[in-house]
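Encoded as structure tokens, the structure appears first; notes follow it.
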Amino acid sequence: MFQAPPLPLSVKHSSGAGDSQGFSFSLTHTHTHTHTHSHTHTLRGLGSLFLSAMVRNLQLLVVLLCGLASAQQQALMDYLERRLLAIEDRISLWHEQTSRYASELRELKQQMVAQLEGLDKNKEALRSELDSVGSRVDRVEREMDYLETHNSAQPCVDVDDKLVEQQVTVAKERNKAKYSKLTDCSDMISSIKAMKILKRIGGSKGMWTKDMGSSSGKVYIFNGTGEDTLYEFGSVRDFTSSQGTSGATTVQLPSAWGGMGHAVYNNHLYYVKDGEERRLMKFDLQNSKVVDSAVFPAKDQLPVYTLNPETYIDLAADEEGLWAIYATKETENHISLAKVDPKTLAIEQMWDTPCLRENAEAAFVVCGTVYVVYNSKLPSRSRIQCVFDVSDMVTNDDAPTVYFPKRYGTHSSLKYSPVEQLLYAWDDGYQILYKLQMKKKLEV
């Protein structure tokens with residue numbers, strides 16, 4: 001605050017008759033004495049300065065108070081704005097969550113609808129399979145009734161060994177009954193006309209083939225002797241032009257195969273399940289599922305080819321249908337042949353052939369005649385050295401030895417195509433085609 005400078009004061013004592021004693025005050029200058037009017041003017045100036053200073057101080061105080069009020073108001077506005085922004089963010093988040101929940105509910109609904117549709121399809125498929133099983137059970141019951149009515153009950157006594165031998169002989173004679181041909185095919189091999197090496201893919205042992213019962217043109221590759229994945233190509237051209245198996249469709253089987261004796265016939269794969277139990281499997285290639293299976297009815301089985309001991313049953317297809325080439329201890333190292341019903345896997349008829357297992361590498365069937373191919377333990381030139389005709393039109397003595405084109409390897413499989421009259425061969429990882437020269441059986 002402004003303060004006026006101190007002024008010097010002088011005090012005088014006065015007395016008078018009849019008056020009370022008192023004091024009087026007067027302003028004095030330190031150095032010189034001035035008149036009373038001059039002192040009064042100075043006091044007025046100083047008061048004016050003091051008042052103006054007080055006014056300025058009051059103005060400054062008012063400005064400060066107004067500024068403080070304005071700052072508080074701005075802080076309140078900022079606080080309210082922040083709260084409004086937070087509320088807007090929460091509303092936006094709620095909208096996003098609501099939209100996401102609605103989208104998830106729609107996806108869940110679509111998935112439930114798709115699953116219900118799949119269950120309906122599976123229900124229909126199961127119903128169809130149950131109907132098929134029911135019809136098969138009915139057929140088995142009818143066959144059992146027929147057998148019971150045409151065969152007397154076995155006596156509850158021990159059967160004599162001679163009687164067992166007689167029953168076995170009767171069974172063999174029944175298997176030797178004349179074969180009823182399904183077609184008028186009478187071709188036989190006279191020579192191998194040409195050879196074409198297409199590609200090399202896979203290991204030393206495997207099998208490749210077409211569908212021998214249809215004209216689909218698809219090619220199937222089976223690499224190895226105990227795998228569960230095969231490769232399907234649209235045609236031979238697709239197979240040869242592809243890099244490895246890059247252009248193939250992969251088919252996964254429910255169980256591994258054993259050996260190289262598979263067959264593809266009428267859109268179905270027939271193979272022997274890997275394991276001690278020789279079970280034939282029928283796999284639908286169009287629907288990718290097993291439709292039937294049966295244990296092959298032969299005891300004490302042996303590898304059918306000594307040069308390829310992984311194969312116990314070699315399935316083959318020709319003009320007459322599906323066949324099984326196998327061997328047992330009972331036949332004394334000779335190869336046996338069986339006719340297989342491709343629909344039910346039942347064995348229709350069985351034959352013992354004069355062809356030996358020793359040094360055999362593969363075999364195939366043409367018009368009901370089995371051709372056994374031989375080689376040696378040290379690979380040399382393969383040759384057809386034994387034949388067996390189920391119609392007895394050709395004997396092994398009448399058929400000439402047929403040599404394959406000069407190539408020192410060992411075939412792990414040979415599959416005959418009745419439509420093309422070609423052999424599909426797997427030789428040490430090479431996929432080979434052999435063109436067959438045919439003649440009529442009656443010309444022998």
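So you can find residues: chains in the structure tokens are A, B, ... in the order shown, residues in each start at 1, and ligands are numbered from 1 in order.
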
As a compact mmCIF listing (two decimals) with N, CA and C atoms, in the first residue's frame, list the residues of segment 156-280 of chain A assigned to alpha helix (DSSP H) by DSSP on the backbone atoms of this structure.
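And here is the file that came out, result-v7.txt:
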# COMPACT_ATOMS: atom_id res chain seq x y z
N ASP A 161 -11.36 -140.48 -38.82
CA ASP A 161 -10.42 -139.74 -39.67
C ASP A 161 -10.65 -140.04 -41.14
N LYS A 162 -11.00 -141.27 -41.46
CA LYS A 162 -11.24 -141.61 -42.86
C LYS A 162 -12.44 -140.87 -43.41
N LEU A 163 -13.46 -140.70 -42.54
CA LEU A 163 -14.64 -139.98 -42.98
C LEU A 163 -14.30 -138.51 -43.25
N VAL A 164 -13.43 -137.91 -42.42
CA VAL A 164 -12.99 -136.54 -42.65
C VAL A 164 -12.26 -136.43 -43.99
N GLU A 165 -11.39 -137.41 -44.28
CA GLU A 165 -10.68 -137.39 -45.56
C GLU A 165 -11.66 -137.50 -46.73
N GLN A 166 -12.70 -138.31 -46.57
CA GLN A 166 -13.69 -138.42 -47.63
C GLN A 166 -14.42 -137.09 -47.85
N GLN A 167 -14.75 -136.39 -46.76
CA GLN A 167 -15.43 -135.10 -46.89
C GLN A 167 -14.55 -134.06 -47.58
N VAL A 168 -13.26 -134.07 -47.24
CA VAL A 168 -12.33 -133.15 -47.90
C VAL A 168 -12.23 -133.47 -49.38
N THR A 169 -12.19 -134.78 -49.71
CA THR A 169 -12.12 -135.16 -51.12
C THR A 169 -13.36 -134.71 -51.88
N VAL A 170 -14.54 -134.87 -51.26
CA VAL A 170 -15.78 -134.43 -51.90
C VAL A 170 -15.75 -132.93 -52.15
N ALA A 171 -15.24 -132.18 -51.16
CA ALA A 171 -15.17 -130.72 -51.32
C ALA A 171 -14.25 -130.35 -52.48
N LYS A 172 -13.11 -131.04 -52.59
CA LYS A 172 -12.20 -130.75 -53.69
C LYS A 172 -12.82 -131.10 -55.03
N GLU A 173 -13.53 -132.23 -55.09
CA GLU A 173 -14.19 -132.59 -56.34
C GLU A 173 -15.25 -131.56 -56.73
N ARG A 174 -15.96 -131.03 -55.72
CA ARG A 174 -16.96 -130.00 -56.01
C ARG A 174 -16.27 -128.73 -56.55
N ASN A 175 -15.09 -128.40 -56.04
CA ASN A 175 -14.36 -127.24 -56.54
C ASN A 175 -13.85 -127.46 -57.96
N VAL A 236 -4.03 -91.35 -67.68
CA VAL A 236 -2.61 -91.68 -67.83
C VAL A 236 -1.82 -90.44 -68.22
N ARG A 237 -2.42 -89.58 -69.06
CA ARG A 237 -1.75 -88.34 -69.47
C ARG A 237 -1.50 -87.44 -68.25
N ASP A 238 -2.50 -87.31 -67.39
CA ASP A 238 -2.32 -86.50 -66.17
C ASP A 238 -1.21 -87.09 -65.30
N PHE A 239 -1.15 -88.40 -65.24
CA PHE A 239 -0.13 -89.05 -64.41
C PHE A 239 1.28 -88.79 -64.96
N THR A 240 1.45 -88.93 -66.27
CA THR A 240 2.78 -88.77 -66.85
C THR A 240 3.23 -87.31 -66.87
N SER A 241 2.30 -86.37 -66.97
CA SER A 241 2.66 -84.96 -67.07
C SER A 241 2.84 -84.29 -65.71

For segment 287-298 of chain A: contacts at 7 Å, only C-alpha atoms, fewer than 5 positions along chain excluded, given as an MDAnalysis selection string: chainID A and resid 278:282 345

Nearby residues (only C-alpha atoms) at most 12 Å from Gly213 of chain A, same-chain spacing under 2 positions excluded, as a list in words: Thr209, Lys210, Asp211, Ser215, Ser216, Gly217, Lys218, Ala263, Val264, Tyr265, Asn266, Asn267, His268, Leu269, Ala316, Ala317, Asp318, Glu319, Glu320, Gly321, Leu322, Pro342, Tyr416, Ser417, Pro418, Val419 and Glu420 of chain A

Restricted to N, CA, C and O atoms, what would the selected residues look like written as a JSON list (two decimals), in the first residue's frame?
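What ended up in again_34.json:
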[["chain", "number", "residue", "atom", "x", "y", "z"],
["A", 209, "THR", "N", -2.63, -99.13, -61.44],
["A", 209, "THR", "CA", -3.68, -99.77, -62.21],
["A", 209, "THR", "C", -4.73, -98.76, -62.63],
["A", 209, "THR", "O", -4.74, -97.63, -62.13],
["A", 210, "LYS", "N", -5.58, -99.17, -63.54],
["A", 210, "LYS", "CA", -6.79, -98.45, -63.86],
["A", 210, "LYS", "C", -7.98, -99.17, -63.23],
["A", 210, "LYS", "O", -7.83, -100.24, -62.63],
["A", 211, "ASP", "N", -9.17, -98.58, -63.37],
["A", 211, "ASP", "CA", -10.39, -99.29, -62.98],
["A", 211, "ASP", "C", -10.68, -100.30, -64.07],
["A", 211, "ASP", "O", -11.11, -99.96, -65.18],
["A", 215, "SER", "N", -14.77, -97.71, -67.83],
["A", 215, "SER", "CA", -13.97, -96.94, -68.80],
["A", 215, "SER", "C", -13.73, -95.53, -68.28],
["A", 215, "SER", "O", -13.68, -94.57, -69.06],
["A", 216, "SER", "N", -13.59, -95.36, -66.96],
["A", 216, "SER", "CA", -13.41, -94.02, -66.39],
["A", 216, "SER", "C", -12.07, -93.41, -66.78],
["A", 216, "SER", "O", -11.94, -92.19, -66.87],
["A", 217, "GLY", "N", -11.05, -94.25, -67.02],
["A", 217, "GLY", "CA", -9.74, -93.75, -67.39],
["A", 217, "GLY", "C", -8.88, -93.32, -66.22],
["A", 217, "GLY", "O", -7.73, -92.92, -66.41],
["A", 218, "LYS", "N", -9.39, -93.36, -65.00],
["A", 218, "LYS", "CA", -8.62, -92.93, -63.84],
["A", 218, "LYS", "C", -7.48, -93.92, -63.55],
["A", 218, "LYS", "O", -7.61, -95.12, -63.78],
["A", 263, "ALA", "N", -6.86, -104.56, -56.37],
["A", 263, "ALA", "CA", -7.58, -104.47, -57.65],
["A", 263, "ALA", "C", -8.63, -103.37, -57.55],
["A", 263, "ALA", "O", -9.29, -103.22, -56.52],
["A", 264, "VAL", "N", -8.77, -102.60, -58.64],
["A", 264, "VAL", "CA", -9.82, -101.59, -58.74],
["A", 264, "VAL", "C", -10.80, -102.07, -59.79],
["A", 264, "VAL", "O", -10.42, -102.30, -60.94],
["A", 265, "TYR", "N", -12.07, -102.22, -59.36],
["A", 265, "TYR", "CA", -13.06, -102.84, -60.24],
["A", 265, "TYR", "C", -14.42, -102.20, -59.99],
["A", 265, "TYR", "O", -14.93, -102.22, -58.87],
["A", 266, "ASN", "N", -14.98, -101.57, -61.03],
["A", 266, "ASN", "CA", -16.31, -100.93, -60.95],
["A", 266, "ASN", "C", -16.40, -99.93, -59.80],
["A", 266, "ASN", "O", -17.28, -100.00, -58.94],
["A", 267, "ASN", "N", -15.46, -98.98, -59.79],
["A", 267, "ASN", "CA", -15.45, -97.88, -58.82],
["A", 267, "ASN", "C", -15.24, -98.34, -57.38],
["A", 267, "ASN", "O", -15.54, -97.60, -56.44],
["A", 268, "HIS", "N", -14.74, -99.55, -57.20],
["A", 268, "HIS", "CA", -14.45, -100.06, -55.87],
["A", 268, "HIS", "C", -13.02, -100.58, -55.81],
["A", 268, "HIS", "O", -12.51, -101.15, -56.79],
["A", 269, "LEU", "N", -12.39, -100.35, -54.68],
["A", 269, "LEU", "CA", -11.06, -100.88, -54.43],
["A", 269, "LEU", "C", -11.19, -102.15, -53.59],
["A", 269, "LEU", "O", -11.84, -102.14, -52.53],
["A", 316, "ALA", "N", -7.12, -110.08, -58.92],
["A", 316, "ALA", "CA", -6.99, -109.78, -60.35],
["A", 316, "ALA", "C", -8.37, -109.67, -60.97],
["A", 316, "ALA", "O", -9.33, -110.31, -60.53],
["A", 317, "ALA", "N", -8.47, -108.84, -62.01],
["A", 317, "ALA", "CA", -9.73, -108.65, -62.73],
["A", 317, "ALA", "C", -9.50, -108.92, -64.22],
["A", 317, "ALA", "O", -8.47, -108.55, -64.77],
["A", 318, "ASP", "N", -10.48, -109.55, -64.83],
["A", 318, "ASP", "CA", -10.42, -109.77, -66.28],
["A", 318, "ASP", "C", -11.83, -109.68, -66.85],
["A", 318, "ASP", "O", -12.74, -109.11, -66.22],
["A", 319, "GLU", "N", -12.03, -110.23, -68.05],
["A", 319, "GLU", "CA", -13.34, -110.17, -68.69],
["A", 319, "GLU", "C", -14.41, -110.92, -67.91],
["A", 319, "GLU", "O", -15.61, -110.60, -68.01],
["A", 320, "GLU", "N", -13.99, -111.89, -67.11],
["A", 320, "GLU", "CA", -14.94, -112.72, -66.37],
["A", 320, "GLU", "C", -15.30, -112.15, -65.00],
["A", 320, "GLU", "O", -16.26, -112.59, -64.38],
["A", 321, "GLY", "N", -14.51, -111.21, -64.50],
["A", 321, "GLY", "CA", -14.81, -110.65, -63.18],
["A", 321, "GLY", "C", -13.59, -110.58, -62.29],
["A", 321, "GLY", "O", -12.49, -110.26, -62.74],
["A", 322, "LEU", "N", -13.79, -110.92, -61.02],
["A", 322, "LEU", "CA", -12.75, -110.76, -60.00],
["A", 322, "LEU", "C", -12.24, -112.13, -59.57],
["A", 322, "LEU", "O", -13.02, -113.07, -59.35],
["A", 342, "PRO", "N", -17.74, -110.10, -56.74],
["A", 342, "PRO", "CA", -17.37, -108.72, -56.39],
["A", 342, "PRO", "C", -18.42, -108.00, -55.55],
["A", 342, "PRO", "O", -18.12, -107.00, -54.90],
["A", 416, "TYR", "N", -3.77, -106.68, -65.41],
["A", 416, "TYR", "CA", -4.27, -106.76, -66.78],
["A", 416, "TYR", "C", -5.51, -105.89, -66.96],
["A", 416, "TYR", "O", -6.41, -105.89, -66.12],
["A", 417, "SER", "N", -5.51, -105.12, -68.08],
["A", 417, "SER", "CA", -6.67, -104.30, -68.43],
["A", 417, "SER", "C", -7.41, -104.96, -69.58],
["A", 417, "SER", "O", -6.92, -104.98, -70.71],
["A", 418, "PRO", "N", -8.60, -105.54, -69.33],
["A", 418, "PRO", "CA", -9.32, -106.22, -70.39],
["A", 418, "PRO", "C", -9.82, -105.28, -71.49],
["A", 418, "PRO", "O", -10.02, -105.72, -72.64],
["A", 419, "VAL", "N", -10.02, -104.01, -71.19],
["A", 419, "VAL", "CA", -10.50, -103.07, -72.20],
["A", 419, "VAL", "C", -9.38, -102.72, -73.17],
["A", 419, "VAL", "O", -9.58, -102.66, -74.40],
["A", 420, "GLU", "N", -8.18, -102.52, -72.67],
["A", 420, "GLU", "CA", -7.05, -102.08, -73.51],
["A", 420, "GLU", "C", -6.13, -103.22, -73.92],
["A", 420, "GLU", "O", -5.29, -103.05, -74.80]]

Segment 230-233 of chain A surroundings by only C-alpha atoms, 8 Å radius, close-in-sequence under 5 positions cut, as a count of residues only: 16

Which of segment 120-365 of chain A DSSP labels strand (DSSP E or B), written as number ranges by chain: A: 187-200, 206-210, 219-223, 229-233, 249-252, 257, 263-265, 268-273, 279-284, 289-295, 301, 314-318, 321-328, 334-340, 347-356, 360-365

List every residue of segment 324-352 of chain A that has an atom at most 12 Å from any atom of segment 176-191 of chain A, and for each one report the closest atom pair and its distance in Å to one decimal, counting only C-alpha atoms, with rows sorted by chain and then by increasing residue number, as JSON lines.
{"residue": "A:Leu337", "atom": "CA", "partner": "A:Lys176", "partner_atom": "CA", "distance": 11.3}
{"residue": "A:Ala338", "atom": "CA", "partner": "A:Lys176", "partner_atom": "CA", "distance": 11.2}
{"residue": "A:Lys339", "atom": "CA", "partner": "A:Tyr179", "partner_atom": "CA", "distance": 9.8}
{"residue": "A:Glu348", "atom": "CA", "partner": "A:Tyr179", "partner_atom": "CA", "distance": 10.0}
{"residue": "A:Gln349", "atom": "CA", "partner": "A:Tyr179", "partner_atom": "CA", "distance": 8.1}
{"residue": "A:Met350", "atom": "CA", "partner": "A:Lys176", "partner_atom": "CA", "distance": 7.4}
{"residue": "A:Trp351", "atom": "CA", "partner": "A:Lys176", "partner_atom": "CA", "distance": 6.4}
{"residue": "A:Asp352", "atom": "CA", "partner": "A:Lys176", "partner_atom": "CA", "distance": 8.7}

Print the selection's residues with N, CA, C and O atoms to a file, as a PDB file, in the first residue's frame.
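selection21.pdb, written as the output of this step:
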ATOM      1  N   LEU A 337      -6.180-120.798 -57.225  1.00  0.00           N
ATOM      2  CA  LEU A 337      -6.993-119.752 -57.848  1.00  0.00           C
ATOM      3  C   LEU A 337      -8.413-119.840 -57.320  1.00  0.00           C
ATOM      4  O   LEU A 337      -8.942-120.950 -57.106  1.00  0.00           O
ATOM      5  N   ALA A 338      -9.059-118.702 -57.093  1.00  0.00           N
ATOM      6  CA  ALA A 338     -10.442-118.668 -56.609  1.00  0.00           C
ATOM      7  C   ALA A 338     -11.202-117.586 -57.364  1.00  0.00           C
ATOM      8  O   ALA A 338     -10.661-116.520 -57.675  1.00  0.00           O
ATOM      9  N   LYS A 339     -12.481-117.892 -57.663  1.00  0.00           N
ATOM     10  CA  LYS A 339     -13.374-116.903 -58.277  1.00  0.00           C
ATOM     11  C   LYS A 339     -14.126-116.197 -57.160  1.00  0.00           C
ATOM     12  O   LYS A 339     -14.731-116.827 -56.281  1.00  0.00           O
ATOM     13  N   GLU A 348     -16.809-118.215 -55.038  1.00  0.00           N
ATOM     14  CA  GLU A 348     -17.726-119.010 -55.863  1.00  0.00           C
ATOM     15  C   GLU A 348     -17.135-120.369 -56.234  1.00  0.00           C
ATOM     16  O   GLU A 348     -17.863-121.360 -56.295  1.00  0.00           O
ATOM     17  N   GLN A 349     -15.827-120.398 -56.479  1.00  0.00           N
ATOM     18  CA  GLN A 349     -15.202-121.648 -56.894  1.00  0.00           C
ATOM     19  C   GLN A 349     -13.696-121.538 -56.671  1.00  0.00           C
ATOM     20  O   GLN A 349     -13.132-120.437 -56.700  1.00  0.00           O
ATOM     21  N   MET A 350     -13.020-122.707 -56.456  1.00  0.00           N
ATOM     22  CA  MET A 350     -11.584-122.710 -56.173  1.00  0.00           C
ATOM     23  C   MET A 350     -10.909-123.807 -56.991  1.00  0.00           C
ATOM     24  O   MET A 350     -11.504-124.853 -57.256  1.00  0.00           O
ATOM     25  N   TRP A 351      -9.648-123.548 -57.387  1.00  0.00           N
ATOM     26  CA  TRP A 351      -8.880-124.499 -58.178  1.00  0.00           C
ATOM     27  C   TRP A 351      -7.448-124.567 -57.655  1.00  0.00           C
ATOM     28  O   TRP A 351      -6.900-123.556 -57.192  1.00  0.00           O
ATOM     29  N   ASP A 352      -6.843-125.742 -57.746  1.00  0.00           N
ATOM     30  CA  ASP A 352      -5.418-125.922 -57.513  1.00  0.00           C
ATOM     31  C   ASP A 352      -4.723-125.973 -58.869  1.00  0.00           C
ATOM     32  O   ASP A 352      -5.132-126.714 -59.753  1.00  0.00           O
TER      33      ASP A 352
END

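Of note, atom CA of Met207 of chain A and atom CA of Ala425 of chain A are spaced 7.3 Å apart.
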
Pick from A:Tyr101, A:Phe364, A:Tyr430, A:Phe50, whichever lies nearest to Trp323 of chain A using only C-alpha atoms: A:Phe364

Nearest-residue call for Ser382 of chain A, choices A:Asn122, A:Thr311, A:Asn359, A:Ser135, using only C-alpha atoms: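 Checking each candidate against Ser382 of chain A, we get A:Asn359 as the closest.
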
d(atom CA of Pro303 of chain A, atom CA of Met212 of chain A) in Å: 24.3 Å

Residues within 6 Å of segment 373-379 of chain A, only C-alpha atoms, excluding chain neighbours under 2 positions, as a ChimeraX atom specification: /A:359-363,382-384,408-410

Output file for the residues above (N, CA, C and O atoms, as a short mmCIF file (atom, residue, chain, number, x, y, z; two decimals), in the first residue's frame):
data_model
loop_
_atom_site.label_atom_id
_atom_site.label_comp_id
_atom_site.auth_asym_id
_atom_site.auth_seq_id
_atom_site.Cartn_x
_atom_site.Cartn_y
_atom_site.Cartn_z
N ASN A 359 10.30 -118.98 -57.14
CA ASN A 359 10.79 -118.06 -58.17
C ASN A 359 9.69 -117.35 -58.96
O ASN A 359 9.97 -116.74 -59.99
N ALA A 360 8.46 -117.41 -58.45
CA ALA A 360 7.38 -116.64 -59.08
C ALA A 360 7.44 -115.20 -58.55
O ALA A 360 7.71 -114.97 -57.37
N GLU A 361 7.19 -114.22 -59.45
CA GLU A 361 7.22 -112.82 -59.02
C GLU A 361 5.85 -112.16 -59.12
O GLU A 361 5.57 -111.21 -58.39
N ALA A 362 4.97 -112.63 -60.01
CA ALA A 362 3.65 -112.03 -60.16
C ALA A 362 2.80 -112.95 -61.04
O ALA A 362 3.30 -113.93 -61.61
N ALA A 363 1.51 -112.60 -61.12
CA ALA A 363 0.60 -113.35 -61.98
C ALA A 363 -0.58 -112.45 -62.33
O ALA A 363 -0.83 -111.43 -61.68
N SER A 382 12.22 -111.55 -67.19
CA SER A 382 10.96 -112.16 -66.73
C SER A 382 10.32 -112.96 -67.87
O SER A 382 10.46 -112.62 -69.05
N ARG A 383 9.56 -114.00 -67.49
CA ARG A 383 8.95 -114.87 -68.50
C ARG A 383 7.68 -115.52 -67.94
O ARG A 383 7.60 -115.81 -66.74
N ILE A 384 6.70 -115.72 -68.82
CA ILE A 384 5.50 -116.48 -68.47
C ILE A 384 5.81 -117.95 -68.71
O ILE A 384 5.98 -118.38 -69.86
N TYR A 408 16.33 -106.19 -67.16
CA TYR A 408 16.78 -106.99 -66.03
C TYR A 408 16.31 -106.36 -64.72
O TYR A 408 17.01 -105.60 -64.08
N GLY A 409 15.10 -106.68 -64.36
CA GLY A 409 14.50 -106.21 -63.12
C GLY A 409 13.52 -107.24 -62.61
O GLY A 409 13.44 -108.36 -63.11
N THR A 410 12.76 -106.89 -61.61
CA THR A 410 11.76 -107.79 -61.03
C THR A 410 10.45 -107.05 -60.89
O THR A 410 10.41 -105.96 -60.31
#

Straight-line distance linking atom CA of Ala71 of chain A with atom CA of Val55 of chain A, stated in Å to one decimal: 24.3 Å
